[in-house]
Structure formats: structure tokens, C-alpha cells
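Shown here: run-v9.txt, compact mmCIF, C-alpha atoms and all ligand atoms.
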# COMPACT_ATOMS: atom_id res chain seq x y z
CA MET A 1 -4.19 -6.85 17.44
CA VAL A 2 -0.73 -5.51 16.55
CA MET A 3 -0.01 -5.60 12.80
CA PRO A 4 2.70 -8.19 12.07
CA SER A 5 5.95 -6.77 10.69
CA LEU A 6 6.90 -7.87 7.18
CA ALA A 7 10.24 -6.03 7.36
CA VAL A 8 13.44 -7.91 6.50
CA ARG A 9 17.12 -6.97 6.28
CA LEU A 10 19.05 -8.06 3.20
CA ALA A 11 22.80 -7.48 2.94
CA GLY A 12 22.51 -4.20 4.85
CA LEU A 13 19.33 -3.03 3.08
CA GLU A 14 16.25 -2.40 5.22
CA LEU A 15 13.22 -3.63 3.27
CA ARG A 16 9.55 -3.03 4.11
CA ASN A 17 8.67 -6.58 3.15
CA PRO A 18 10.36 -9.66 1.68
CA LEU A 19 8.95 -9.18 -1.83
CA SER A 20 10.73 -8.25 -5.02
CA VAL A 21 10.16 -8.91 -8.71
CA ALA A 22 12.30 -11.18 -10.88
CA SER A 23 14.50 -9.33 -13.33
CA GLY A 24 13.11 -9.06 -16.85
CA THR A 25 9.51 -9.80 -15.88
CA PHE A 26 8.63 -6.32 -14.62
CA GLY A 27 10.57 -3.95 -16.89
CA SER A 28 11.49 -0.94 -14.80
CA GLY A 29 8.06 -1.03 -13.20
CA ARG A 30 6.39 1.88 -15.00
CA GLU A 31 3.66 -0.13 -16.72
CA TYR A 32 2.91 -2.16 -13.61
CA SER A 33 2.86 0.90 -11.38
CA ALA A 34 0.08 2.39 -13.52
CA VAL A 35 -1.96 -0.80 -13.09
CA TRP A 36 -1.22 -0.96 -9.38
CA GLU A 37 -2.24 2.66 -8.81
CA SER A 38 -5.72 2.02 -10.16
CA SER A 39 -6.23 -1.24 -8.22
CA VAL A 40 -8.44 -1.86 -5.20
CA GLU A 41 -5.50 -3.63 -3.51
CA SER A 42 -3.48 -0.43 -3.74
CA ARG A 43 -6.30 1.76 -2.43
CA CYS A 44 -6.61 -0.46 0.66
CA ALA A 45 -2.85 -0.68 1.26
CA PRO A 46 -1.13 0.52 4.45
CA ASN A 47 1.09 2.79 2.31
CA GLN A 48 -1.90 4.39 0.57
CA GLY A 49 -0.94 7.56 -1.30
CA ALA A 50 2.74 6.53 -1.56
CA PRO A 51 4.30 5.79 -4.98
CA ALA A 52 2.97 2.46 -6.26
CA LEU A 53 6.27 0.58 -6.27
CA SER A 54 6.78 1.29 -2.58
CA ALA A 55 4.50 -1.72 -2.11
CA LEU A 56 7.60 -3.79 -2.92
CA GLY A 57 10.38 -4.59 -0.50
CA ALA A 58 12.81 -3.99 -3.38
CA MET A 59 12.51 -3.32 -7.09
CA THR A 60 14.74 -5.45 -9.33
CA THR A 61 15.24 -4.03 -12.82
CA LYS A 62 15.56 -5.77 -16.15
CA GLY A 63 19.13 -6.65 -17.18
CA VAL A 64 21.29 -3.63 -18.06
CA SER A 65 24.32 -3.92 -20.33
CA LEU A 66 27.08 -1.53 -21.33
CA ARG A 67 25.71 -0.80 -24.80
CA PRO A 68 22.18 -1.36 -26.18
CA TRP A 69 21.41 -5.03 -26.85
CA PRO A 70 18.77 -5.69 -29.54
CA GLY A 71 17.78 -9.11 -28.16
CA ASN A 72 17.18 -12.25 -30.22
CA GLN A 73 15.43 -12.42 -33.60
CA GLY A 74 12.24 -14.35 -34.37
CA THR A 75 10.03 -16.18 -31.90
CA ARG A 76 11.07 -15.31 -28.35
CA ILE A 77 8.27 -16.72 -26.19
CA VAL A 78 6.66 -20.18 -26.12
CA GLU A 79 3.88 -21.09 -23.72
CA CYS A 80 4.25 -24.55 -22.14
CA ALA A 81 2.35 -26.56 -19.57
CA SER A 82 2.67 -24.68 -16.25
CA GLY A 83 5.20 -22.18 -17.53
CA MET A 84 6.86 -20.54 -20.49
CA LEU A 85 10.08 -20.63 -22.47
CA ASN A 86 11.73 -17.34 -23.31
CA SER A 87 14.56 -16.42 -25.58
CA ILE A 88 14.51 -12.64 -25.24
CA GLY A 89 18.30 -12.35 -25.21
CA LEU A 90 18.49 -9.61 -22.55
CA GLN A 91 17.21 -6.86 -24.85
CA ASN A 92 17.82 -3.49 -23.22
CA PRO A 93 18.74 0.07 -24.19
CA GLY A 94 22.14 0.08 -22.46
CA VAL A 95 23.30 1.70 -19.25
CA GLU A 96 23.32 5.34 -20.43
CA GLU A 97 19.72 5.25 -21.57
CA PHE A 98 18.77 3.28 -18.46
CA CYS A 99 20.26 5.99 -16.21
CA ALA A 100 18.67 8.83 -18.18
CA ASN A 101 15.17 7.31 -18.22
CA ASP A 102 14.32 4.34 -16.03
CA LEU A 103 16.56 5.24 -13.11
CA VAL A 104 15.35 8.85 -12.97
CA TRP A 105 11.78 7.56 -12.79
CA LEU A 106 12.67 4.87 -10.25
CA SER A 107 14.32 7.43 -7.97
CA GLY A 108 10.85 8.84 -7.24
CA GLN A 109 9.35 5.49 -6.28
CA ASP A 110 10.54 5.31 -2.66
CA VAL A 111 11.81 1.74 -3.01
CA PRO A 112 15.34 0.29 -2.92
CA VAL A 113 16.46 -0.38 -6.50
CA ILE A 114 18.48 -3.48 -7.33
CA VAL A 115 19.96 -3.14 -10.81
CA ASN A 116 20.40 -6.41 -12.70
CA VAL A 117 23.68 -6.27 -14.62
CA CYS A 118 24.62 -8.30 -17.71
CA GLY A 119 27.68 -8.41 -19.94
CA HIS A 120 29.61 -10.34 -22.57
CA SER A 121 32.81 -10.24 -20.54
CA ALA A 122 33.91 -9.58 -16.95
CA ASP A 123 35.11 -6.18 -18.09
CA GLU A 124 31.68 -5.28 -19.46
CA TYR A 125 29.98 -6.14 -16.15
CA VAL A 126 32.52 -3.94 -14.38
CA GLN A 127 32.00 -1.03 -16.76
CA VAL A 128 28.23 -1.16 -16.22
CA ILE A 129 28.76 -1.07 -12.45
CA GLU A 130 31.30 1.76 -12.74
CA ARG A 131 28.76 3.85 -14.66
CA LEU A 132 26.02 3.08 -12.13
CA GLU A 133 28.29 4.02 -9.22
CA ARG A 134 27.71 7.66 -10.24
CA GLU A 135 23.96 7.27 -9.59
CA THR A 136 22.55 7.69 -6.09
CA ALA A 137 19.30 5.87 -6.92
CA VAL A 138 21.00 2.44 -7.01
CA SER A 139 20.82 0.42 -3.78
CA ALA A 140 22.44 -2.84 -4.94
CA TYR A 141 23.59 -4.83 -7.96
CA GLU A 142 22.40 -8.24 -9.07
CA VAL A 143 24.99 -9.70 -11.43
CA ASN A 144 23.37 -12.07 -13.90
CA ILE A 145 25.84 -14.87 -14.64
CA SER A 146 23.08 -17.29 -15.51
CA CYS A 147 21.14 -16.31 -18.66
CA PRO A 148 20.78 -19.20 -21.12
CA ASN A 149 19.72 -16.86 -23.95
CA VAL A 150 22.96 -15.13 -24.96
CA ASP A 151 25.86 -16.71 -26.83
CA CYS A 152 28.73 -14.98 -25.12
CA GLY A 153 28.81 -14.27 -21.38
CA GLY A 154 25.62 -14.92 -19.41
CA MET A 155 25.42 -18.56 -18.39
CA ALA A 156 29.02 -19.29 -19.42
CA PHE A 157 30.13 -17.52 -16.21
CA GLY A 158 27.54 -19.14 -14.02
CA THR A 159 28.27 -22.77 -14.84
CA GLN A 160 32.00 -22.84 -14.04
CA PRO A 161 33.14 -22.14 -10.47
CA ALA A 162 36.41 -20.41 -11.46
CA ALA A 163 34.66 -18.09 -13.91
CA ALA A 164 31.88 -17.36 -11.41
CA GLU A 165 34.42 -16.43 -8.75
CA ALA A 166 36.47 -14.29 -11.14
CA VAL A 167 33.55 -12.23 -12.45
CA THR A 168 32.21 -11.78 -8.91
CA ALA A 169 35.62 -10.62 -7.69
CA ALA A 170 35.93 -8.16 -10.58
CA CYS A 171 32.50 -6.68 -9.79
CA ARG A 172 33.31 -6.67 -6.06
CA ALA A 173 36.36 -4.53 -6.69
CA ALA A 174 34.20 -2.00 -8.55
CA THR A 175 31.71 -1.26 -5.74
CA LYS A 176 31.12 -1.11 -2.01
CA ARG A 177 27.36 -1.38 -2.56
CA PRO A 178 25.65 -4.71 -1.84
CA LEU A 179 26.54 -7.17 -4.61
CA PHE A 180 24.19 -10.05 -5.40
CA VAL A 181 25.12 -12.82 -7.83
CA LYS A 182 22.35 -14.61 -9.72
CA LEU A 183 22.84 -18.33 -10.10
CA SER A 184 21.86 -20.78 -12.81
CA PRO A 185 20.04 -24.04 -12.09
CA ASN A 186 21.67 -25.53 -15.22
CA VAL A 187 24.57 -27.07 -13.33
CA THR A 188 25.34 -30.39 -11.65
CA ASP A 189 25.68 -28.83 -8.20
CA ILE A 190 24.50 -25.27 -7.62
CA ALA A 191 26.17 -25.25 -4.18
CA GLU A 192 29.58 -25.35 -5.87
CA ILE A 193 28.82 -22.17 -7.86
CA ALA A 194 27.33 -20.56 -4.74
CA ARG A 195 30.58 -21.17 -2.84
CA ALA A 196 32.58 -19.71 -5.74
CA ALA A 197 30.45 -16.54 -5.79
CA ALA A 198 30.83 -16.28 -2.01
CA SER A 199 34.62 -16.55 -2.34
CA GLY A 200 34.52 -13.84 -5.00
CA GLY A 201 32.93 -11.47 -2.48
CA ALA A 202 29.17 -11.64 -3.11
CA ASP A 203 26.98 -10.21 -0.33
CA ALA A 204 23.90 -12.23 -1.34
CA LEU A 205 22.85 -14.79 -3.94
CA SER A 206 19.75 -14.74 -6.14
CA LEU A 207 18.36 -18.01 -7.45
CA ILE A 208 17.19 -19.44 -9.70
CA ASN A 209 17.45 -18.11 -13.24
CA THR A 210 15.53 -20.01 -15.91
CA VAL A 211 15.97 -23.73 -16.64
CA ALA A 212 17.30 -24.57 -20.12
CA GLY A 213 14.61 -26.13 -22.31
CA MET A 214 13.29 -26.36 -25.87
CA ALA A 215 10.12 -26.73 -27.91
CA ILE A 216 9.69 -28.39 -31.31
CA ASP A 217 7.16 -27.58 -34.05
CA VAL A 218 6.20 -30.99 -35.48
CA ARG A 219 4.79 -29.39 -38.63
CA THR A 220 8.13 -27.86 -39.63
CA ARG A 221 10.12 -30.41 -37.57
CA ALA A 222 12.22 -27.47 -36.42
CA PRO A 223 12.81 -25.92 -32.99
CA VAL A 224 10.24 -23.21 -32.22
CA LEU A 225 12.97 -20.92 -30.89
CA PRO A 226 15.61 -19.98 -33.49
CA ARG A 227 18.42 -20.44 -30.94
CA VAL A 228 16.93 -23.87 -30.11
CA VAL A 229 17.34 -23.38 -26.36
CA GLY A 230 15.17 -21.13 -24.21
CA GLY A 231 14.72 -20.48 -20.49
CA LEU A 232 11.84 -22.25 -18.75
CA SER A 233 10.13 -20.25 -16.00
CA GLY A 234 6.83 -20.21 -14.13
CA ALA A 235 5.07 -22.73 -11.89
CA ALA A 236 6.84 -25.68 -13.56
CA VAL A 237 10.20 -24.67 -12.07
CA LYS A 238 9.10 -23.99 -8.48
CA PRO A 239 10.15 -27.33 -6.97
CA ILE A 240 13.57 -27.02 -8.68
CA ALA A 241 13.97 -23.47 -7.35
CA LEU A 242 12.88 -24.39 -3.85
CA TYR A 243 15.36 -27.24 -3.64
CA ALA A 244 18.12 -24.98 -5.02
CA VAL A 245 17.42 -22.41 -2.28
CA HIS A 246 17.44 -25.11 0.38
CA ARG A 247 20.67 -26.62 -0.95
CA VAL A 248 22.48 -23.27 -1.24
CA SER A 249 21.30 -22.19 2.22
CA GLN A 250 23.08 -25.25 3.61
CA ALA A 251 26.25 -24.52 1.62
CA VAL A 252 26.93 -20.81 2.24
CA LYS A 253 26.19 -18.28 4.97
CA LEU A 254 25.01 -15.55 2.57
CA PRO A 255 21.43 -14.24 2.51
CA LEU A 256 19.37 -15.47 -0.44
CA VAL A 257 16.83 -14.00 -2.84
CA GLY A 258 14.63 -16.90 -3.91
CA MET A 259 12.59 -17.07 -7.10
CA GLY A 260 11.11 -19.49 -9.58
CA GLY A 261 7.41 -20.09 -10.12
CA VAL A 262 6.16 -18.02 -7.17
CA ARG A 263 2.41 -17.38 -7.45
CA CYS A 264 0.98 -16.91 -3.96
CA ALA A 265 1.79 -16.10 -0.34
CA THR A 266 2.20 -19.80 0.48
CA ASP A 267 4.90 -20.09 -2.20
CA VAL A 268 6.74 -17.14 -0.63
CA LEU A 269 6.54 -18.74 2.81
CA GLU A 270 7.95 -22.00 1.41
CA PHE A 271 10.94 -20.14 -0.06
CA MET A 272 11.51 -18.30 3.23
CA LEU A 273 11.35 -21.52 5.25
CA ALA A 274 13.87 -23.00 2.79
CA GLY A 275 16.23 -20.10 3.57
CA ALA A 276 15.33 -17.10 1.39
CA THR A 277 15.28 -13.65 2.99
CA VAL A 278 13.60 -12.06 -0.03
CA VAL A 279 11.37 -13.76 -2.61
CA ALA A 280 10.78 -12.46 -6.13
CA VAL A 281 7.71 -12.88 -8.30
CA GLY A 282 8.54 -13.35 -11.99
CA THR A 283 6.53 -14.98 -14.76
CA HIS A 284 3.35 -14.84 -12.68
CA ASN A 285 3.34 -11.04 -13.08
CA PHE A 286 2.33 -11.69 -16.70
CA THR A 287 -0.68 -13.75 -15.62
CA ASP A 288 -1.70 -11.53 -12.72
CA PRO A 289 -0.19 -8.03 -12.71
CA LEU A 290 -1.53 -7.49 -9.18
CA ALA A 291 0.00 -10.69 -7.81
CA VAL A 292 2.61 -8.95 -5.67
CA LEU A 293 -0.02 -6.80 -3.93
CA ARG A 294 -2.19 -9.83 -3.21
CA ILE A 295 0.82 -11.78 -1.95
CA ARG A 296 1.85 -8.96 0.40
CA ASP A 297 -1.64 -8.92 1.91
CA GLY A 298 -1.60 -12.72 2.12
CA LEU A 299 1.67 -12.64 4.07
CA THR A 300 0.21 -10.20 6.61
CA ASP A 301 -2.89 -12.40 7.00
CA TRP A 302 -0.78 -15.54 7.46
CA CYS A 303 1.46 -13.92 10.09
CA ALA A 304 -1.60 -12.65 11.96
CA SER A 305 -3.34 -16.02 11.91
CA GLU A 306 -0.18 -17.91 12.97
CA GLY A 307 0.76 -15.43 15.70
CA VAL A 308 4.02 -14.55 13.90
CA ALA A 309 4.96 -11.02 15.02
CA ARG A 310 7.82 -10.62 12.53
CA ILE A 311 8.03 -12.51 9.27
CA ASP A 312 11.83 -12.64 9.42
CA GLU A 313 11.44 -15.17 12.26
CA ILE A 314 10.60 -17.86 9.72
CA ILE A 315 13.66 -17.47 7.43
CA GLY A 316 15.43 -20.83 7.25
CA GLY A 317 12.93 -22.29 9.70
CA LEU A 318 12.48 -25.54 7.78
CA ARG A 319 12.03 -28.49 10.14
CA ILE A 320 13.78 -31.61 8.85
C1 LIG B 1 10.79 -12.82 -20.11
C2 LIG B 1 11.87 -13.03 -19.08
C3 LIG B 1 12.96 -12.18 -19.07
C4 LIG B 1 13.98 -12.37 -18.13
N1 LIG B 1 15.05 -11.51 -18.10
C5 LIG B 1 16.00 -11.65 -17.14
C6 LIG B 1 17.08 -10.70 -17.02
O1 LIG B 1 17.14 -9.70 -17.76
N2 LIG B 1 18.02 -10.92 -16.07
C7 LIG B 1 17.95 -11.99 -15.20
O2 LIG B 1 18.82 -12.15 -14.34
N3 LIG B 1 16.92 -12.88 -15.26
C8 LIG B 1 15.96 -12.73 -16.21
N4 LIG B 1 14.91 -13.62 -16.25
C9 LIG B 1 14.81 -14.70 -15.24
C10 LIG B 1 13.87 -14.30 -14.08
O3 LIG B 1 14.35 -13.15 -13.42
C11 LIG B 1 13.72 -15.45 -13.06
O4 LIG B 1 14.98 -15.76 -12.53
C12 LIG B 1 13.12 -16.72 -13.65
O5 LIG B 1 12.16 -16.41 -14.64
C13 LIG B 1 12.48 -17.61 -12.60
O6 LIG B 1 11.41 -16.96 -11.94
P1 LIG B 1 9.85 -17.10 -12.39
O7 LIG B 1 9.60 -18.56 -12.62
O8 LIG B 1 9.07 -16.56 -11.27
O9 LIG B 1 9.71 -16.31 -13.64
C14 LIG B 1 13.88 -13.45 -17.18
C15 LIG B 1 12.76 -14.28 -17.22
C16 LIG B 1 11.74 -14.09 -18.14
C17 LIG B 1 10.55 -15.00 -18.11
Any chance you could give the structure as C-alpha cells?
Amino acid sequence: MVMPSLAVRLAGLELRNPLSVASGTFGSGREYSAVWESSVESRCAPNQGAPALSALGAMTTKGVSLRPWPGNQGTRIVECASGMLNSIGLQNPGVEEFCANDLVWLSGQDVPVIVNVCGHSADEYVQVIERLERETAVSAYEVNISCPNVDCGGMAFGTQPAAAEAVTAACRAATKRPLFVKLSPNVTDIAEIARAAASGGADALSLINTVAGMAIDVRTRAPVLPRVVGGLSGAAVKPIALYAVHRVSQAVKLPLVGMGGVRCATDVLEFMLAGATVVAVGTHNFTDPLAVLRIRDGLTDWCASEGVARIDEIIGGLRI
């Protein structure tokens, strides 16, 4: 039997398969790559002997800002039923350090690199992109306008259509590389923000970022997270994410990167049927560091058993 093709095309990028990792849940991949290299899944893989991260369709980095961000103080993670709340605050060493370390390492991984960009102002996003334009190892940008864990910037851009369009347009003017905009579910109608990002010149949309939530310690009667609000992720958010992908796929013609609670090959297939071209695994990497490898193999098995020669045939194939 002929091996099914998992290849997909996303905003001009040719990807080996439709799998990526959700920004901030995989670092720059170094720690995971060491685990992957020693795994049975990796030893049996079709790309045996290749750098570990080449098992991904695309690698999405943690958020990168202009200067180092220390992240939030105090408790930053709370486990909840079927998911977790985080209030990391986009901690990262800044774009210079990122280029000198992570990007140099990533350039040897034989995988397209999508750099997730964050900022406190439109100008900061642009300056990060301008710095990254000098680096050949960058394949695309994912502009995070949807983080609930920073006071200034982040979600403020992603919840107002005019601001979303303006920051997208500013980033668009700074690069000819594929530009993805990452959307927040914490809005009344995500389709409205999707249309604004499309008008601003986005080539693709990523969704969803985390869902705003909180936890309370009844002993102290205080919020567990010092900033009160955190971002809910993991299995609990999957139905929200799936509906968001479906809704946005009906609203704009752009390709989509779907994420939110993905844990298995069936989850990936659901997101693709809803309209995603690429699907990212996030919080589940913490539970099962080999999840992406298992999912990739599961997609091949599903295509073979269903007689699907190319997985891209199923994108947007939802029957209503
Ligand atoms: C610990 C943590 C850190 C995150 N950091 C970022 C980030 O730097 N940039 C970003 O756009 N999204 C960030 N996210 C959001 C994820 O990329 C993803 O959109 C969200 O968690 C939903 O996917 P999941 O349920 O599979 O984790 C982060 C999520 C978690 C849990």
C-alpha cells in the first residue's frame, strides 16, 4: 500500500505534516528534542536519523519580545479539572538573546520555524520583526495579540477590531514573510477580529489563545494567581477552540492554525475538518512529551484505514 501523504501547504510554506506546537508550551524545542531522540517513536519514524524536530510540520517558538521580559511574580500555574491556568506573563530573554541562542540551534533542526512575537505596543512588535528579518532561519511570524497575562499590549490588541487591524498592518509593512495573527477567544465574536486581522494583511490566523479564568484559595479567600486572571488551556477548552476554528473558517478565506486542548490524532482530524490546515499541540506536551510523535503516527494510520491518500483533502470537509 502507498503511504498516505501528510503534507500540507500553509501560506506558502510546504510542511511535511499538519502538526505544530502551541507557543509557550514547547520552549524552543531543545528539551523536547532530547526526549524525542531517545524515544521508540522516533527510532521507528520515517525520518529516522534526521534532527528530532523535523518530525514536526512546523516549530512554533515561545513568545519573543524586544527586550527581556521577566514574567509574572508568584504563583504562575494552577491545575484545574481537565486543564490548567497559567499566568507566566510571556517571560523570555528578548529578541537578541533569542537570535544568538535558540534560533542558531533551531536552524539545524530542518523544520520551518514560526516565531511567536509579543510586544507592549505596535511599535515593539514591529521592532521585533525588523530584528528577525536579518535572520534566515525564520520562516514565518505569529503575532500574539491575545495573551491575557500581560497588563499592556497582548490581549488589548486582540479584543478590539480596530487595534487588531492596526497592529497587523504595522507588522505587515515590516515583512514579506508569512504573517500569522493569533486570536483570543475572550471576545463576543471572534469572526469580527478575524476579519480585522485579514484586512490588516494577515496571511493566516492562529486560534485559540487561552481562555480567561481564575482560581480562588478558600483558606486565604484570595485569588491563587496574584494577577487574579490566568489563561485556561488543555482539554477543557477544546470544544471552544473547535467552534472558534469553524466560525472563523466561515468568516475569512485565510488558512488557519487550530489549537486548544489537542491530545490525540482524532482531535487533530476534528480541527482539520472544522477548517484548520495546521493543528498545534500545547498543554498536552506537559502531560505526554511524546504526544506529537504519537499523533503523527495516528494520522498516518487513520489516512491508511480510511483510504485517504492526502490528508489535506479533509481540510474544511465538515459535513453540515
Ligand atoms: C504555559 C503556557 C505558555 C504560553 N505562552 C504563550 C506565548 O508565549 N505566546 C502565545 O501566543 N501563546 C501562548 N500560550 C497559549 C498556547 O500557545 C495555546 O494557544 C493555548 O494554550 C491553547 O492550546 P492548548 O490548550 O493545547 O494548550 C501559552 C500557553 C501555556 C499553557
Shortest interatomic distance to Leu318 in chain A - which of A:Ala11, A:Leu90, A:Val126, A:Met272, counting only C-alpha atoms
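For Leu318 in chain A, the nearest of the candidates is A:Met272.
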Please give me, as a ChimeraX atom specification, the residues lying within 7 Å of ligand LIG 1 (chain B) when counting all atoms listed in the file.
/A:22-25,62-63,86,88,90,116,144,146-147,182,207-210,233-235,237-238,259-262,280-284
Write the residues you've just listed into a file as a PDB file, in the coordinates of the input, and include C-alpha atoms for each of them.
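The file below, out15.pdb, is the result:
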ATOM      1  CA  ALA A  22      12.300 -11.180 -10.880  1.00  0.00           C
ATOM      2  CA  SER A  23      14.500  -9.330 -13.330  1.00  0.00           C
ATOM      3  CA  GLY A  24      13.110  -9.060 -16.850  1.00  0.00           C
ATOM      4  CA  THR A  25       9.510  -9.800 -15.880  1.00  0.00           C
ATOM      5  CA  LYS A  62      15.560  -5.770 -16.150  1.00  0.00           C
ATOM      6  CA  GLY A  63      19.130  -6.650 -17.180  1.00  0.00           C
ATOM      7  CA  ASN A  86      11.730 -17.340 -23.310  1.00  0.00           C
ATOM      8  CA  ILE A  88      14.510 -12.640 -25.240  1.00  0.00           C
ATOM      9  CA  LEU A  90      18.490  -9.610 -22.550  1.00  0.00           C
ATOM     10  CA  ASN A 116      20.400  -6.410 -12.700  1.00  0.00           C
ATOM     11  CA  ASN A 144      23.370 -12.070 -13.900  1.00  0.00           C
ATOM     12  CA  SER A 146      23.080 -17.290 -15.510  1.00  0.00           C
ATOM     13  CA  CYS A 147      21.140 -16.310 -18.660  1.00  0.00           C
ATOM     14  CA  LYS A 182      22.350 -14.610  -9.720  1.00  0.00           C
ATOM     15  CA  LEU A 207      18.360 -18.010  -7.450  1.00  0.00           C
ATOM     16  CA  ILE A 208      17.190 -19.440  -9.700  1.00  0.00           C
ATOM     17  CA  ASN A 209      17.450 -18.110 -13.240  1.00  0.00           C
ATOM     18  CA  THR A 210      15.530 -20.010 -15.910  1.00  0.00           C
ATOM     19  CA  SER A 233      10.130 -20.250 -16.000  1.00  0.00           C
ATOM     20  CA  GLY A 234       6.830 -20.210 -14.130  1.00  0.00           C
ATOM     21  CA  ALA A 235       5.070 -22.730 -11.890  1.00  0.00           C
ATOM     22  CA  VAL A 237      10.200 -24.670 -12.070  1.00  0.00           C
ATOM     23  CA  LYS A 238       9.100 -23.990  -8.480  1.00  0.00           C
ATOM     24  CA  MET A 259      12.590 -17.070  -7.100  1.00  0.00           C
ATOM     25  CA  GLY A 260      11.110 -19.490  -9.580  1.00  0.00           C
ATOM     26  CA  GLY A 261       7.410 -20.090 -10.120  1.00  0.00           C
ATOM     27  CA  VAL A 262       6.160 -18.020  -7.170  1.00  0.00           C
ATOM     28  CA  ALA A 280      10.780 -12.460  -6.130  1.00  0.00           C
ATOM     29  CA  VAL A 281       7.710 -12.880  -8.300  1.00  0.00           C
ATOM     30  CA  GLY A 282       8.540 -13.350 -11.990  1.00  0.00           C
ATOM     31  CA  THR A 283       6.530 -14.980 -14.760  1.00  0.00           C
ATOM     32  CA  HIS A 284       3.350 -14.840 -12.680  1.00  0.00           C
TER      33      HIS A 284
END
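Between CA of Ser33 in chain A and CA of Gln48 in chain A there is a distance of 13.3 Å.
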Ranking A:Ile193, A:Val252, A:Leu242, A:Leu225 by minimum distance to Val279 in chain A and counting only C-alpha atoms, which one comes first?
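Once distances to Val279 in chain A are computed over only C-alpha atoms, the minimum belongs to A:Leu242.
Nearest-residue note for Leu273 in chain A: choosing from A:Val228, A:Val138, A:Ile320, A:Ala291, the minimum distance belongs to A:Ile320, counting only C-alpha atoms.
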Name all residues at most 12 Å from range 98-111 of chain A (count all atoms listed in the file; drop same-chain ones fewer than 6 positions away) and give them as JSON, numbers by chain.
{"A": [13, 14, 15, 16, 17, 19, 20, 27, 28, 29, 30, 31, 33, 47, 49, 50, 51, 52, 53, 54, 55, 56, 57, 58, 59, 60, 61, 62, 63, 64, 65, 66, 67, 68, 92, 117, 128, 129, 131, 132, 133, 134, 135, 136, 137, 138, 139, 140]}
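By chain and then residue number, the residues within 6 Å of Met84 in chain A are Val78, Glu79, Leu232 and Ser233 of chain A, counting only C-alpha atoms and disregarding those fewer than 5 positions away in sequence.
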With C-alpha atoms kept, could you save the residues just selected as a short mmCIF file (atom, residue, chain, number, x, y, z; two decimals), in the frame of the given file?
data_model
loop_
_atom_site.label_atom_id
_atom_site.label_comp_id
_atom_site.auth_asym_id
_atom_site.auth_seq_id
_atom_site.Cartn_x
_atom_site.Cartn_y
_atom_site.Cartn_z
CA VAL A 78 6.66 -20.18 -26.12
CA GLU A 79 3.88 -21.09 -23.72
CA LEU A 232 11.84 -22.25 -18.75
CA SER A 233 10.13 -20.25 -16.00
#
Find the spatial neighbours of range 157-167 of chain A, counting all atoms listed in the file, within a cut-off of 8 Å - ignore same-chain residues fewer than 2 positions away - and output them as a ChimeraX atom specification.
/A:122,125,145-146,153-155,169-171,183-184,186-187,192-193,196-200
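Atom pair CA of Gly94 in chain A / CA of Gly213 in chain A has a distance of 27.3 Å (rounded to one decimal).
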re CA of Val8 in chain A and CA of Val181 in chain A: distance 19.1 Å
Using all atoms listed in the file, which residues sit within 8 Å of range 309-317 of chain A once same-chain residues fewer than 6 positions away are excluded, as a PDB file with C-alpha atoms, in the coordinates of the input?
ATOM      1  CA  MET A   3      -0.010  -5.600  12.800  1.00  0.00           C
ATOM      2  CA  PRO A   4       2.700  -8.190  12.070  1.00  0.00           C
ATOM      3  CA  SER A   5       5.950  -6.770  10.690  1.00  0.00           C
ATOM      4  CA  LEU A   6       6.900  -7.870   7.180  1.00  0.00           C
ATOM      5  CA  ALA A   7      10.240  -6.030   7.360  1.00  0.00           C
ATOM      6  CA  VAL A   8      13.440  -7.910   6.500  1.00  0.00           C
ATOM      7  CA  SER A 249      21.300 -22.190   2.220  1.00  0.00           C
ATOM      8  CA  MET A 272      11.510 -18.300   3.230  1.00  0.00           C
ATOM      9  CA  LEU A 273      11.350 -21.520   5.250  1.00  0.00           C
ATOM     10  CA  ALA A 274      13.870 -23.000   2.790  1.00  0.00           C
ATOM     11  CA  GLY A 275      16.230 -20.100   3.570  1.00  0.00           C
ATOM     12  CA  ALA A 276      15.330 -17.100   1.390  1.00  0.00           C
ATOM     13  CA  THR A 277      15.280 -13.650   2.990  1.00  0.00           C
ATOM     14  CA  CYS A 303       1.460 -13.920  10.090  1.00  0.00           C
TER      15      CYS A 303
END
